[in-house]
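So this one's structure.cif, mmCIF, C-alpha atoms; chains and numbers go by the auth columns:
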```
data_target
#
loop_
_atom_site.group_PDB
_atom_site.id
_atom_site.type_symbol
_atom_site.label_atom_id
_atom_site.label_comp_id
_atom_site.label_asym_id
_atom_site.label_seq_id
_atom_site.Cartn_x
_atom_site.Cartn_y
_atom_site.Cartn_z
_atom_site.B_iso_or_equiv
_atom_site.auth_seq_id
_atom_site.auth_asym_id
ATOM 1 C CA MET A 1 0.000 0.000 0.000 0.00 24 A
ATOM 2 C CA ARG A 2 1.235 3.503 -0.889 0.00 25 A
ATOM 3 C CA ARG A 3 0.223 6.934 0.361 0.00 26 A
ATOM 4 C CA VAL A 4 0.230 9.635 -2.323 0.00 27 A
ATOM 5 C CA GLU A 5 0.017 13.298 -1.326 0.00 28 A
ATOM 6 C CA ILE A 6 -0.724 15.806 -4.070 0.00 29 A
ATOM 7 C CA MET A 7 -0.397 19.535 -3.374 0.00 30 A
ATOM 8 C CA ALA A 8 -1.484 22.276 -5.771 0.00 31 A
ATOM 9 C CA ALA A 9 -3.456 25.515 -6.049 0.00 32 A
ATOM 10 C CA GLN A 10 -7.137 25.281 -5.115 0.00 33 A
ATOM 11 C CA ALA A 11 -7.994 26.733 -8.519 0.00 34 A
ATOM 12 C CA ILE A 12 -7.000 23.507 -10.288 0.00 35 A
ATOM 13 C CA LEU A 13 -8.524 20.944 -7.905 0.00 36 A
ATOM 14 C CA GLU A 14 -11.377 20.047 -10.275 0.00 37 A
ATOM 15 C CA ASP A 15 -8.903 19.537 -13.126 0.00 38 A
ATOM 16 C CA VAL A 16 -6.839 17.184 -10.966 0.00 39 A
ATOM 17 C CA LEU A 17 -9.933 15.179 -9.983 0.00 40 A
ATOM 18 C CA GLU A 18 -11.085 14.993 -13.625 0.00 41 A
ATOM 19 C CA ALA A 19 -7.644 13.800 -14.768 0.00 42 A
ATOM 20 C CA LEU A 20 -7.587 11.113 -12.069 0.00 43 A
ATOM 21 C CA GLU A 21 -11.031 9.975 -13.201 0.00 44 A
ATOM 22 C CA HIS A 22 -9.895 9.973 -16.847 0.00 45 A
ATOM 23 C CA TYR A 23 -7.074 7.578 -15.957 0.00 46 A
ATOM 24 C CA GLU A 24 -9.484 5.508 -13.842 0.00 47 A
ATOM 25 C CA VAL A 25 -7.750 6.090 -10.526 0.00 48 A
ATOM 26 C CA PRO A 26 -10.142 4.778 -7.840 0.00 49 A
ATOM 27 C CA ARG A 27 -12.148 7.544 -6.200 0.00 50 A
ATOM 28 C CA HIS A 28 -11.037 6.842 -2.641 0.00 51 A
ATOM 29 C CA TYR A 29 -9.271 9.913 -1.360 0.00 52 A
ATOM 30 C CA THR A 30 -9.232 12.629 1.255 0.00 53 A
ATOM 31 C CA ILE A 31 -9.031 16.328 0.443 0.00 54 A
ATOM 32 C CA VAL A 32 -7.604 18.857 2.857 0.00 55 A
ATOM 33 C CA PRO A 33 -9.226 21.883 1.203 0.00 56 A
ATOM 34 C CA THR A 34 -7.020 24.643 2.595 0.00 57 A
ATOM 35 C CA ALA A 35 -3.265 24.480 2.904 0.00 58 A
ATOM 36 C CA HIS A 36 -0.846 27.371 3.153 0.00 59 A
ATOM 37 C CA GLY A 37 2.796 27.303 2.228 0.00 60 A
ATOM 38 C CA MET A 38 5.508 28.113 -0.233 0.00 61 A
ATOM 39 C CA GLY A 39 7.144 25.967 -2.870 0.00 62 A
ATOM 40 C CA ASN A 40 8.765 26.845 -6.181 0.00 63 A
ATOM 41 C CA THR A 41 5.994 29.233 -7.250 0.00 64 A
ATOM 42 C CA SER A 42 4.412 32.194 -5.445 0.00 65 A
ATOM 43 C CA PRO A 43 3.472 31.721 -1.771 0.00 66 A
ATOM 44 C CA LYS A 44 -0.061 30.518 -1.030 0.00 67 A
ATOM 45 C CA LYS A 45 -0.928 32.021 2.349 0.00 68 A
ATOM 46 C CA GLY A 46 -4.604 32.992 2.103 0.00 69 A
ATOM 47 C CA ASP A 47 -3.940 36.542 3.288 0.00 70 A
ATOM 48 C CA SER A 48 -4.238 39.985 1.704 0.00 71 A
ATOM 49 C CA VAL A 49 -0.681 39.882 0.339 0.00 72 A
ATOM 50 C CA TRP A 50 -0.687 36.265 -0.928 0.00 73 A
ATOM 51 C CA PRO A 51 -4.428 35.435 -1.238 0.00 74 A
ATOM 52 C CA GLU A 52 -4.176 32.099 -3.047 0.00 75 A
ATOM 53 C CA GLU A 53 -4.428 28.793 -1.188 0.00 76 A
ATOM 54 C CA ASN A 54 -3.457 25.204 -1.899 0.00 77 A
ATOM 55 C CA PHE A 55 -5.214 21.898 -1.337 0.00 78 A
ATOM 56 C CA ILE A 56 -3.771 18.544 -0.325 0.00 79 A
ATOM 57 C CA LEU A 57 -5.213 15.381 -1.868 0.00 80 A
ATOM 58 C CA ILE A 58 -4.321 12.127 -0.126 0.00 81 A
ATOM 59 C CA ILE A 59 -4.778 8.795 -1.892 0.00 82 A
ATOM 60 C CA TYR A 60 -3.993 5.340 -0.547 0.00 83 A
ATOM 61 C CA CYS A 61 -3.405 2.933 -3.411 0.00 84 A
ATOM 62 C CA GLU A 62 -1.489 -0.075 -4.614 0.00 85 A
ATOM 63 C CA GLN A 63 1.817 0.259 -6.444 0.00 86 A
ATOM 64 C CA VAL A 64 0.173 -0.586 -9.783 0.00 87 A
ATOM 65 C CA GLU A 65 -2.019 2.559 -9.611 0.00 88 A
ATOM 66 C CA LEU A 66 0.929 4.953 -9.286 0.00 89 A
ATOM 67 C CA ASP A 67 1.511 4.984 -13.049 0.00 90 A
ATOM 68 C CA SER A 68 -2.060 6.181 -13.665 0.00 91 A
ATOM 69 C CA ILE A 69 -1.717 8.875 -11.002 0.00 92 A
ATOM 70 C CA GLU A 70 1.525 10.126 -12.595 0.00 93 A
ATOM 71 C CA LYS A 71 -0.112 10.217 -16.055 0.00 94 A
ATOM 72 C CA ALA A 72 -3.047 12.190 -14.642 0.00 95 A
ATOM 73 C CA LEU A 73 -0.745 14.714 -12.976 0.00 96 A
ATOM 74 C CA ASP A 74 1.357 15.055 -16.141 0.00 97 A
ATOM 75 C CA LEU A 75 -1.832 15.896 -18.038 0.00 98 A
ATOM 76 C CA VAL A 76 -2.707 18.652 -15.558 0.00 99 A
ATOM 77 C CA LYS A 77 0.896 19.951 -15.499 0.00 100 A
ATOM 78 C CA LYS A 78 0.786 20.407 -19.284 0.00 101 A
ATOM 79 C CA LYS A 79 -2.378 22.494 -18.988 0.00 102 A
ATOM 80 C CA TYR A 80 -1.101 24.524 -16.023 0.00 103 A
ATOM 81 C CA ASP A 81 2.621 24.750 -16.677 0.00 104 A
ATOM 82 C CA HIS A 82 2.830 27.932 -14.573 0.00 105 A
ATOM 83 C CA GLU A 83 1.415 26.241 -11.454 0.00 106 A
ATOM 84 C CA GLY A 84 3.415 24.203 -9.015 0.00 107 A
ATOM 85 C CA ILE A 85 1.953 20.722 -8.641 0.00 108 A
ATOM 86 C CA GLY A 86 3.789 18.561 -6.174 0.00 109 A
ATOM 87 C CA TYR A 87 3.277 14.976 -5.152 0.00 110 A
ATOM 88 C CA PHE A 88 5.005 12.571 -2.858 0.00 111 A
ATOM 89 C CA VAL A 89 4.715 8.823 -2.507 0.00 112 A
ATOM 90 C CA MET A 90 5.318 7.070 0.813 0.00 113 A
#
```
Now that the file is in, can you turn its structure into structure tokens?
Amino acid sequence: MRRVEIMAAQAILEDVLEALEHYEVPRHYTIVPTAHGMGNTSPKKGDSVWPEENFILIIYCEQVELDSIEKALDLVKKKYDHEGIGYFVM
């Protein structure tokens, strides 16, 4: 069993979910709807200076599903090449 954590701007959450569905990734996940932080793009702090926010999507899956998750995220990254989309597998 693997734990996948995907972090990205709230504005692209629906696109991420649609891409996961397109690649038939099982719809068992948890969404943390508001996450603040800073990565390689502009800070997402939810305040008046940096008003954007991130989400965290957590998926538990088998090793075989990781390829489909990576394909889905690559699809979204192509559409939003200016957004930071991070994911980690544990």
- Could you state which residues are captured by the PyMOL selection byres ((chain A and resi 29-46) around 8) in this file, as a ChimeraX atom specification? /A:27-28,47-50,56-57,67,75-81,91-92,94-96,98-99,106-111
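Across the model, the gap from CA of Leu89 in chain A to CA of Lys102 in chain A is 20.3 Å.
Restricting the calculation to only C-alpha atoms, the smallest distance between Tyr83 in chain A and any of A:Lys68, A:Tyr52, A:Lys101, A:His59 is found for A:Tyr52.
Here CA of Gln86 in chain A stands at a distance of 6.5 Å from CA of Arg25 in chain A.
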To box range 76-85 of chain A, take all atoms listed in the file, fit an axis-aligned box, add 3 Å on each side, and give centre and edge lengths in Å to one decimal, as lines of an AutoDock Vina configuration file.
```
center_x = -3.4
center_y = 14.4
center_z = -2.4
size_x = 9.7
size_y = 34.9
size_z = 10.5
```
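Between Met24 in chain A and the residues A:Gly69, A:Ile54, A:Met113, A:Asp90, the shortest atom-to-atom distance, using only C-alpha atoms, involves A:Met113.
In this structure, CA of Arg26 in chain A sits 5.7 Å away from CA of Val112 in chain A.
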What would range 55-79 of chain A look like with N, CA and C atoms in place, written as a CSV table (one decimal), in the frame of the given file?
```csv
chain,number,residue,atom,x,y,z
A,55,VAL,N,-7.8,17.8,1.9
A,55,VAL,CA,-7.6,18.9,2.9
A,55,VAL,C,-7.8,20.1,2.0
A,56,PRO,N,-8.9,20.8,2.2
A,56,PRO,CA,-9.2,21.9,1.2
A,56,PRO,C,-8.4,23.2,1.3
A,57,THR,N,-7.8,23.4,2.4
A,57,THR,CA,-7.0,24.6,2.6
A,57,THR,C,-5.7,24.3,3.2
A,58,ALA,N,-4.6,24.7,2.4
A,58,ALA,CA,-3.3,24.5,2.9
A,58,ALA,C,-2.5,25.7,2.5
A,59,HIS,N,-1.7,26.2,3.4
A,59,HIS,CA,-0.8,27.4,3.2
A,59,HIS,C,0.6,26.9,3.1
A,60,GLY,N,1.4,27.6,2.3
A,60,GLY,CA,2.8,27.3,2.2
A,60,GLY,C,3.5,28.0,1.1
A,61,MET,N,4.7,27.5,0.8
A,61,MET,CA,5.5,28.1,-0.2
A,61,MET,C,6.4,27.0,-0.8
A,62,GLY,N,6.3,26.9,-2.1
A,62,GLY,CA,7.1,26.0,-2.9
A,62,GLY,C,8.0,26.7,-3.9
A,63,ASN,N,8.0,26.2,-5.1
A,63,ASN,CA,8.8,26.8,-6.2
A,63,ASN,C,8.0,27.9,-6.9
A,64,THR,N,6.8,28.1,-6.6
A,64,THR,CA,6.0,29.2,-7.2
A,64,THR,C,5.7,30.3,-6.2
A,65,SER,N,4.7,31.2,-6.4
A,65,SER,CA,4.4,32.2,-5.4
A,65,SER,C,3.8,31.6,-4.2
A,66,PRO,N,4.0,32.2,-3.0
A,66,PRO,CA,3.5,31.7,-1.8
A,66,PRO,C,1.9,31.6,-1.8
A,67,LYS,N,1.4,30.7,-1.1
A,67,LYS,CA,-0.1,30.5,-1.0
A,67,LYS,C,-0.4,30.6,0.5
A,68,LYS,N,-0.7,31.8,0.9
A,68,LYS,CA,-0.9,32.0,2.3
A,68,LYS,C,-2.3,32.4,2.7
A,69,GLY,N,-3.2,32.7,1.8
A,69,GLY,CA,-4.6,33.0,2.1
A,69,GLY,C,-4.8,34.3,2.8
A,70,ASP,N,-3.8,35.2,2.6
A,70,ASP,CA,-3.9,36.5,3.3
A,70,ASP,C,-4.1,37.6,2.2
A,71,SER,N,-4.0,38.9,2.7
A,71,SER,CA,-4.2,40.0,1.7
A,71,SER,C,-3.0,40.2,0.8
A,72,VAL,N,-1.9,39.8,1.2
A,72,VAL,CA,-0.7,39.9,0.3
A,72,VAL,C,-0.6,38.7,-0.6
A,73,TRP,N,-0.8,37.5,-0.1
A,73,TRP,CA,-0.7,36.3,-0.9
A,73,TRP,C,-2.0,35.5,-0.8
A,74,PRO,N,-3.1,35.9,-1.5
A,74,PRO,CA,-4.4,35.4,-1.2
A,74,PRO,C,-4.7,34.0,-1.7
A,75,GLU,N,-3.9,33.5,-2.6
A,75,GLU,CA,-4.2,32.1,-3.0
A,75,GLU,C,-3.9,31.1,-2.0
A,76,GLU,N,-4.6,29.9,-2.1
A,76,GLU,CA,-4.4,28.8,-1.2
A,76,GLU,C,-4.2,27.5,-2.0
A,77,ASN,N,-3.7,26.5,-1.3
A,77,ASN,CA,-3.5,25.2,-1.9
A,77,ASN,C,-4.5,24.2,-1.3
A,78,PHE,N,-4.5,23.0,-1.9
A,78,PHE,CA,-5.2,21.9,-1.3
A,78,PHE,C,-4.2,20.8,-1.2
A,79,ILE,N,-4.5,19.8,-0.4
A,79,ILE,CA,-3.8,18.5,-0.3
A,79,ILE,C,-4.7,17.4,-0.6
```
